[in-house]
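Asker: Have a look at the structure that comes next, please.
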Amino acid sequence: MISTLHCRTRRGADGDLAPRLAFGADYNPEQWPREVWEEDVRLMQEAGVTVVSVAIFSWARLQPGPDEWDFGWLDEVMDLLHSGGIDVDLATATASPPPWLTTAHPEILPVTATGETLWPGARQHWRPSSPVFREHALRLVREMATRYADHPALVAWHVSNELGCHNVYDFSDDAARAFRSWLRARYGTLGALNHAWGTAFWSQRYTDWEQILPPRLAASHPNPTQQLDFKRFSSDALKDYLRAERDILKEITPDVPVTTNFMVMGETKGMNYADWAEEIGFVSNDHYVHPGPQSRDELSFSANLTSGIAGGRPWFLMEHSTSAVNWQPVNVAKRPGELAGDSLLHVAHGADAVCFFQWRQSAAGAEKYHSAMVPHAGADSELFRAVAALGATLTSLAPVAGSNREAAKVGIVFDWDSWWASEQDSHPTSLLNYRQECLDWYSALLALGVRADLITTKSDFARHDVLIAPVLHVVPADLANELTRYAQQGGHLITTYFSGVVDQNDHVWLGGYPGALRDLLGFRAEEFGPLLADESVSLDDGSTGTLWTDRITLTDERTEVLARYDSGSQVGRPAVTRRTTDAGSASYVSTRLGVEGLTALLPRLLEPTGVESELPDEARGRVELVVRRNAEERFLFLVNRTGDAVTLPGFAGDVLYGTAGDGGLVLGPREVAVVRRPLV
């Protein structure tokens with residue numbers, strides 16, 4: 001995977017080529033009359049825009065009929081942008097098929113688990129496994145690549161758009177055939193599949209591949225491993241489609257990088273992006289703020305996880321919003337300063353490009369109330385002036401471009417298999433929220449001023465002194481061995497309830513919970529103790545637990561109890577434990593403590609690790625620190641998490657962005673500052 005679009009350079013004042021942070025948006029000129037296009041380019045230059053994504057939803061315009069093509073308007077747009085000094089991330093336009101295609105071939109339309117067809121009229125109305133859709137889409141991709149291969153504005157290809165946003169799960173006959181092929185490749189024989197799926201239960205044993213279906217609407221709970229494998233298959237089906245477009249683009253334009261925009265945010269969980277990352281030239285992500293008490297922590301969490309998926313290398317923020325969106329129940333405008341603050345927090349976590357949906361706010365269509373760089377009010381508006389100010393800020397931060405995120409001492413493990421499997425039906429509780437538990441640990445670390453990286457199970461664990469693995473439910477034998485080796489060799493593992501319970505086939509590790517991690521953690525639990533929605537338990541350290549408890553019996557003399565239950569059915573039993581290993585430790589938290597409880601507990605868990613905040617005492621919890629670095633310099637991003645001004649003594653130096661006062665660096669409410677320091 002190569003670096004991102006900062007590699008498109010500009011000529012500096014001394015005549016040398018210098019990297020830059022890219023800045024721009026989705027640009028949809030087909031929504032506007034021709035006379036608006038030149039004004040768009042002029043305003044882009046005024047705002048400091050350097051790159052735009054074009055043709056994302058243009059299939060119907062580019063191909064009005066099966067054998068008709070209309071590229072003239074796009075030729076003109078590409079030429080106009082190039083003459084204005086603006087690069088193009090050119091989309092393949094395959095995100096939404098045109099009406100003529102769905103009319104001629106309704107068999108490309110997705111089908112739900114209940115057998116309903118998803119009809120045209122919105123977007124992404126296509127089956128990832130449809131050979132008919134693929135034939136037509138790849139024909140368009142080849143036409144696009146051939147026509148624009150040598151266009152000087154082209155800097156990257158943008159495959160489809162938000163793959164899987166609306167069509168990740170298709171239960172059609174096409175999907176059934178593709179699912180069987182995927183299962184044959186995974187298991188080889190029906191015997192192996194029957195074992196993996198546990199088909200001895202409920203008389204589900206298969207004797208022919210044609211008997212196997214996706215987990216459509218059933219009389220009761222579908223087979224859990226069938227469900228898990230269908231989630232894996234559905235992610236892989238989209239990945240395979242991504243590869244198909246990519247391969248054509250690389251065949252015709254081998255030197256042009258290919259990307260597609262991920263959606264690492266909120267509860268978007270159908271696509272295993274950690275598995276997709278190596279398929280593209282650079283990682284791109286879309287992110288929109290979700291209102292709530294952890295909204296800014298969630299933004300930081302998602303940007304951090306995107307960096308982890310990218311291996312710490314720079315990535316591309318393909319979409320976020322200048323202000324309100326259109327698809328939430330109540331769409332609140334951003335407060336003054338939030339446009340810049342949100343954008344720079346992404347840059348802190350490795351984004352080398354800051355782009356929005358979209359350039360000019362639509363006058364019609366489903367997203368006409370979604371904010372844009374040029375709002376309905378026009379360029380003479382506070383919003384556009386804030387956009388132009390951000391463009392100038394990103395220009396001043398050009399030295400940051402190309403730098404990687406510096407590894408933190410704490411890594412939080414995020415695992416798609418555990419996310420998918422832990423939230424399936426027929427479990428001890430339906431109230432478990434995997435991503436929320438991970439976010440709570442992240443928020444608690446932010447509250448303590450401790451830097452942490454979001455990483456995946458493919459990451460190098462040894463880079464981190466502490467690994468936190470919340471609800472690591474799916475633990476194959478090789479992962480259990482890797483975690484054991486990590487703790488024995490000096491690492492400190494912290495995990496939680498419902499971890500280590502099943503293997504890669506969703507089979508329970510027998511002998512007592514937490515299964516694969518039982519020996520490492522030094523205790524055994526015979527039974528889970530989930531809590532009702534309105535039920536809680538107290539711990540003897542003063543904290544309160546919800547959602548879950550475990551009936552724990554210690555099995556190793558090196559396992560100590562850090563907290564016990566003070567109420568509930570497990571009263572007197574261990575609630576939080578730590579087992580020392582040869583050189584490290586393995587700790588376990590058996591209940592959901594929430595941000596407040598974790599913030600109180602973490603100092604005790606971190607005490608033997610030597611990990612502590614790098615911030616002064618008065619800034620801890622109020623300021624988030626993120627560090628990027630290159631071969632010569634470190635870039636310290638300091639993010640005010642509060643609505644009040646914060647002064648940071650001792651952070652003097654080369655302030656690339658921010659205000660340095662007599663008492664030190666001054667951060668206004670929600671502001672971000674960037675300090676450059678040489679490596680020592």
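A note on labels: chains of the structure tokens are A, B, ... as shown, every chain counts residues from 1, and ligands are counted from 1 in their shown order.
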Name all residues at most 12 Å from Trp32 of chain A (count only C-alpha atoms; drop same-chain ones fewer than 5 positions away) and give them as a VMD selection string.

Answerer: chain A and resid 27 37 to 40 73 77 359 to 364

Asker: Could you please take those selected residues and save all heavy atoms as a CSV table (one decimal), in the first residue's frame?

Answerer:
```
chain,number,residue,atom,x,y,z
A,27,TYR,N,-17.2,16.6,-6.2
A,27,TYR,CA,-17.7,17.6,-7.1
A,27,TYR,C,-18.7,17.0,-8.1
A,27,TYR,O,-18.3,16.0,-8.8
A,27,TYR,CB,-16.5,18.3,-7.8
A,27,TYR,CG,-16.9,19.4,-8.8
A,27,TYR,CD1,-17.9,20.3,-8.5
A,27,TYR,CD2,-16.2,19.5,-10.0
A,27,TYR,CE1,-18.2,21.3,-9.3
A,27,TYR,CE2,-16.5,20.6,-10.9
A,27,TYR,CZ,-17.5,21.4,-10.5
A,27,TYR,OH,-17.9,22.5,-11.4
A,37,TRP,N,-19.8,26.2,-13.8
A,37,TRP,CA,-18.6,25.4,-13.7
A,37,TRP,C,-17.4,26.3,-13.5
A,37,TRP,O,-16.5,26.1,-12.7
A,37,TRP,CB,-18.4,24.5,-14.9
A,37,TRP,CG,-19.5,23.5,-15.1
A,37,TRP,CD1,-20.5,23.2,-14.2
A,37,TRP,CD2,-19.6,22.5,-16.1
A,37,TRP,NE1,-21.3,22.2,-14.7
A,37,TRP,CE2,-20.8,21.7,-15.8
A,37,TRP,CE3,-18.9,22.2,-17.3
A,37,TRP,CZ2,-21.2,20.7,-16.7
A,37,TRP,CZ3,-19.3,21.2,-18.1
A,37,TRP,CH2,-20.4,20.5,-17.8
A,38,GLU,N,-17.3,27.4,-14.3
A,38,GLU,CA,-16.1,28.3,-14.2
A,38,GLU,C,-16.1,29.0,-12.9
A,38,GLU,O,-15.0,29.2,-12.3
A,38,GLU,CB,-16.1,29.2,-15.4
A,38,GLU,CG,-15.8,28.5,-16.7
A,38,GLU,CD,-15.6,29.5,-17.9
A,38,GLU,OE1,-15.7,30.7,-17.7
A,38,GLU,OE2,-15.3,29.0,-19.0
A,39,GLU,N,-17.3,29.4,-12.4
A,39,GLU,CA,-17.3,30.0,-11.1
A,39,GLU,C,-16.9,29.0,-10.0
A,39,GLU,O,-16.2,29.3,-9.1
A,39,GLU,CB,-18.8,30.4,-10.8
A,39,GLU,CG,-18.8,31.1,-9.4
A,39,GLU,CD,-20.3,31.3,-8.9
A,39,GLU,OE1,-21.2,30.7,-9.5
A,39,GLU,OE2,-20.4,32.1,-8.0
A,40,ASP,N,-17.2,27.7,-10.2
A,40,ASP,CA,-16.8,26.7,-9.3
A,40,ASP,C,-15.3,26.6,-9.2
A,40,ASP,O,-14.7,26.6,-8.1
A,40,ASP,CB,-17.3,25.3,-9.7
A,40,ASP,CG,-18.8,25.1,-9.4
A,40,ASP,OD1,-19.3,25.8,-8.4
A,40,ASP,OD2,-19.4,24.3,-10.0
A,73,TRP,N,-19.1,16.2,-21.7
A,73,TRP,CA,-19.2,17.1,-20.6
A,73,TRP,C,-18.1,16.8,-19.5
A,73,TRP,O,-17.6,17.7,-18.9
A,73,TRP,CB,-20.6,17.0,-19.9
A,73,TRP,CG,-20.8,15.6,-19.2
A,73,TRP,CD1,-21.3,14.5,-19.8
A,73,TRP,CD2,-20.6,15.3,-17.9
A,73,TRP,NE1,-21.4,13.5,-18.9
A,73,TRP,CE2,-20.9,13.9,-17.7
A,73,TRP,CE3,-20.1,16.0,-16.8
A,73,TRP,CZ2,-20.8,13.3,-16.5
A,73,TRP,CZ3,-20.0,15.4,-15.6
A,73,TRP,CH2,-20.3,14.0,-15.4
A,77,VAL,N,-15.1,19.2,-18.0
A,77,VAL,CA,-14.9,19.4,-16.6
A,77,VAL,C,-13.4,19.1,-16.2
A,77,VAL,O,-12.8,19.8,-15.5
A,77,VAL,CB,-15.9,18.5,-15.8
A,77,VAL,CG1,-15.5,18.5,-14.3
A,77,VAL,CG2,-17.3,19.0,-15.9
A,359,TRP,N,-18.9,19.7,-2.8
A,359,TRP,CA,-18.4,21.1,-3.1
A,359,TRP,C,-19.6,22.1,-3.0
A,359,TRP,O,-19.5,23.1,-2.3
A,359,TRP,CB,-17.8,21.1,-4.5
A,359,TRP,CG,-17.6,22.5,-5.0
A,359,TRP,CD1,-18.2,23.1,-6.0
A,359,TRP,CD2,-16.7,23.5,-4.4
A,359,TRP,NE1,-17.8,24.4,-6.2
A,359,TRP,CE2,-16.9,24.7,-5.2
A,359,TRP,CE3,-15.9,23.6,-3.3
A,359,TRP,CZ2,-16.2,25.9,-4.9
A,359,TRP,CZ3,-15.2,24.8,-3.1
A,359,TRP,CH2,-15.4,25.9,-3.9
A,360,ARG,N,-20.6,21.9,-3.8
A,360,ARG,CA,-21.7,22.9,-3.9
A,360,ARG,C,-23.0,22.2,-3.4
A,360,ARG,O,-23.3,21.1,-3.9
A,360,ARG,CB,-21.9,23.4,-5.3
A,360,ARG,CG,-22.9,24.5,-5.5
A,360,ARG,CD,-23.0,25.0,-6.9
A,360,ARG,NE,-21.9,25.8,-7.3
A,360,ARG,CZ,-21.8,27.2,-7.1
A,360,ARG,NH1,-22.7,27.8,-6.4
A,360,ARG,NH2,-20.7,27.8,-7.5
A,361,GLN,N,-23.7,22.8,-2.5
A,361,GLN,CA,-24.9,22.2,-1.9
A,361,GLN,C,-26.0,22.0,-2.9
A,361,GLN,O,-26.3,23.0,-3.6
A,361,GLN,CB,-25.4,23.0,-0.7
A,361,GLN,CG,-26.4,22.3,0.1
A,361,GLN,CD,-26.8,23.1,1.4
A,361,GLN,OE1,-26.3,24.2,1.6
A,361,GLN,NE2,-27.5,22.5,2.3
A,362,SER,N,-26.5,20.8,-3.0
A,362,SER,CA,-27.5,20.5,-4.1
A,362,SER,C,-28.8,21.3,-3.9
A,362,SER,O,-29.2,21.6,-2.8
A,362,SER,CB,-27.8,19.0,-4.0
A,362,SER,OG,-26.7,18.2,-4.2
A,363,ALA,N,-29.4,21.6,-5.0
A,363,ALA,CA,-30.7,22.3,-5.0
A,363,ALA,C,-31.9,21.3,-5.0
A,363,ALA,O,-33.0,21.7,-4.7
A,363,ALA,CB,-30.8,23.3,-6.1
A,364,ALA,N,-31.6,20.1,-5.4
A,364,ALA,CA,-32.6,19.1,-5.5
A,364,ALA,C,-32.0,17.7,-5.1
A,364,ALA,O,-30.8,17.6,-5.0
A,364,ALA,CB,-33.1,19.0,-7.0
```

Asker: Do you know which residues are at most 10 Å from segment 286-298 of chain A counting only C-alpha atoms, after dropping those on the same chain fewer than 2 positions away, and could you put them as a PyMOL selection string?

Answerer: chain A and resi 162+260-266+284+300-304+306+316-325+328+330-332+334+341-342+345-346+355-357+436+439-440+442-444+446+595+624+641+670

Asker: Which one is closest to Val466 of chain A: A:Glu367, A:Leu593, A:Val611, A:Thr395? Count only C-alpha atoms.

Answerer: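 Nearest candidate to Val466 of chain A out of A:Glu367, A:Leu593, A:Val611, A:Thr395: A:Val611.
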
Asker: Using only C-alpha atoms, find the one residue out of A:Leu217, A:Ile86, A:Leu74, A:Leu80 that sits nearest to Tyr148 of chain A.

Answerer: A:Leu74

Asker: How would you write, as a list of chain:residue names, the set of residues in segment 127-182 of chain A that DSSP gives as alpha helix (DSSP H)?

Answerer: A:Pro131, A:Val132, A:Phe133, A:Arg134, A:Glu135, A:His136, A:Ala137, A:Leu138, A:Arg139, A:Leu140, A:Val141, A:Arg142, A:Glu143, A:Met144, A:Ala145, A:Thr146, A:Arg147, A:Tyr148, A:Asp173, A:Asp174, A:Ala175, A:Ala176, A:Arg177, A:Ala178, A:Phe179, A:Arg180, A:Ser181, A:Trp182

Asker: If you count only C-alpha atoms, which residues fall within 9 Å of Arg628 of chain A, apart from same-chain ones fewer than 2 positions away, as a list in words?

Answerer: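 Those residues are Ala348, His349, Gly350, Val400, Ser403, Asn404, Arg405, Glu406, Ala407, Val626, Asn630, Glu633, Arg634, Phe635, Leu636 and Phe637 of chain A.
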
Asker: Nearest residue to Ala386 of chain A out of A:Ser343, A:Ser96, A:Thr117, A:Ser58, using only C-alpha atoms?

Answerer: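 Closest residue, counting only C-alpha atoms: A:Ser343.
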
Asker: Could you pull out the strand (DSSP E) residues of segment 65-226 of chain A from DSSP and send them as number ranges by chain?

Answerer: A: 87-91, 154-158

Asker: Generate the output file for the selected residues, C-alpha atoms, as a CSV table (one decimal), in the first residue's frame.

Answerer:
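Listing of out-v4.csv after writing:
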```csv
chain,number,residue,atom,x,y,z
A,87,ASP,CA,-6.3,17.5,-9.3
A,88,VAL,CA,-9.0,14.9,-9.9
A,89,ASP,CA,-9.7,11.7,-8.0
A,90,LEU,CA,-11.9,10.2,-10.8
A,91,ALA,CA,-14.7,7.8,-9.7
A,154,LEU,CA,-6.0,12.4,-13.0
A,155,VAL,CA,-4.2,11.6,-9.8
A,156,ALA,CA,-6.2,8.7,-8.4
A,157,TRP,CA,-9.1,6.3,-9.2
A,158,HIS,CA,-12.1,6.1,-6.9
```

Asker: List as a PyMOL selection string the protein and nucleic acid residues near Leu118 of chain A, meaning an atom at most 12 Å away when only C-alpha atoms are counted, but skip any in the same chain fewer than 6 places from it.

Answerer: chain A and resi 102+106-112+124-127+166-167+169-172

Asker: Find, counting only C-alpha atoms, the residue in A:Asp236, A:Thr457, A:Asp540, A:Asn285 that gets nearest to Gly572 of chain A.

Answerer: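 Ranking A:Asp236, A:Thr457, A:Asp540, A:Asn285 by distance to Gly572 of chain A, first place goes to A:Asp540.
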
Asker: Please list as a list in words every residue within 9 Å of segment 210-213 of chain A, counting only C-alpha atoms and excluding residues in the same chain fewer than 2 positions away.

Answerer: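 Contacts, in chain order: Phe171, Asp173, Ala175, Ala176, Arg177, Phe179, Arg180, Tyr206, Thr207, Asp208, Pro215 and Arg216 of chain A.
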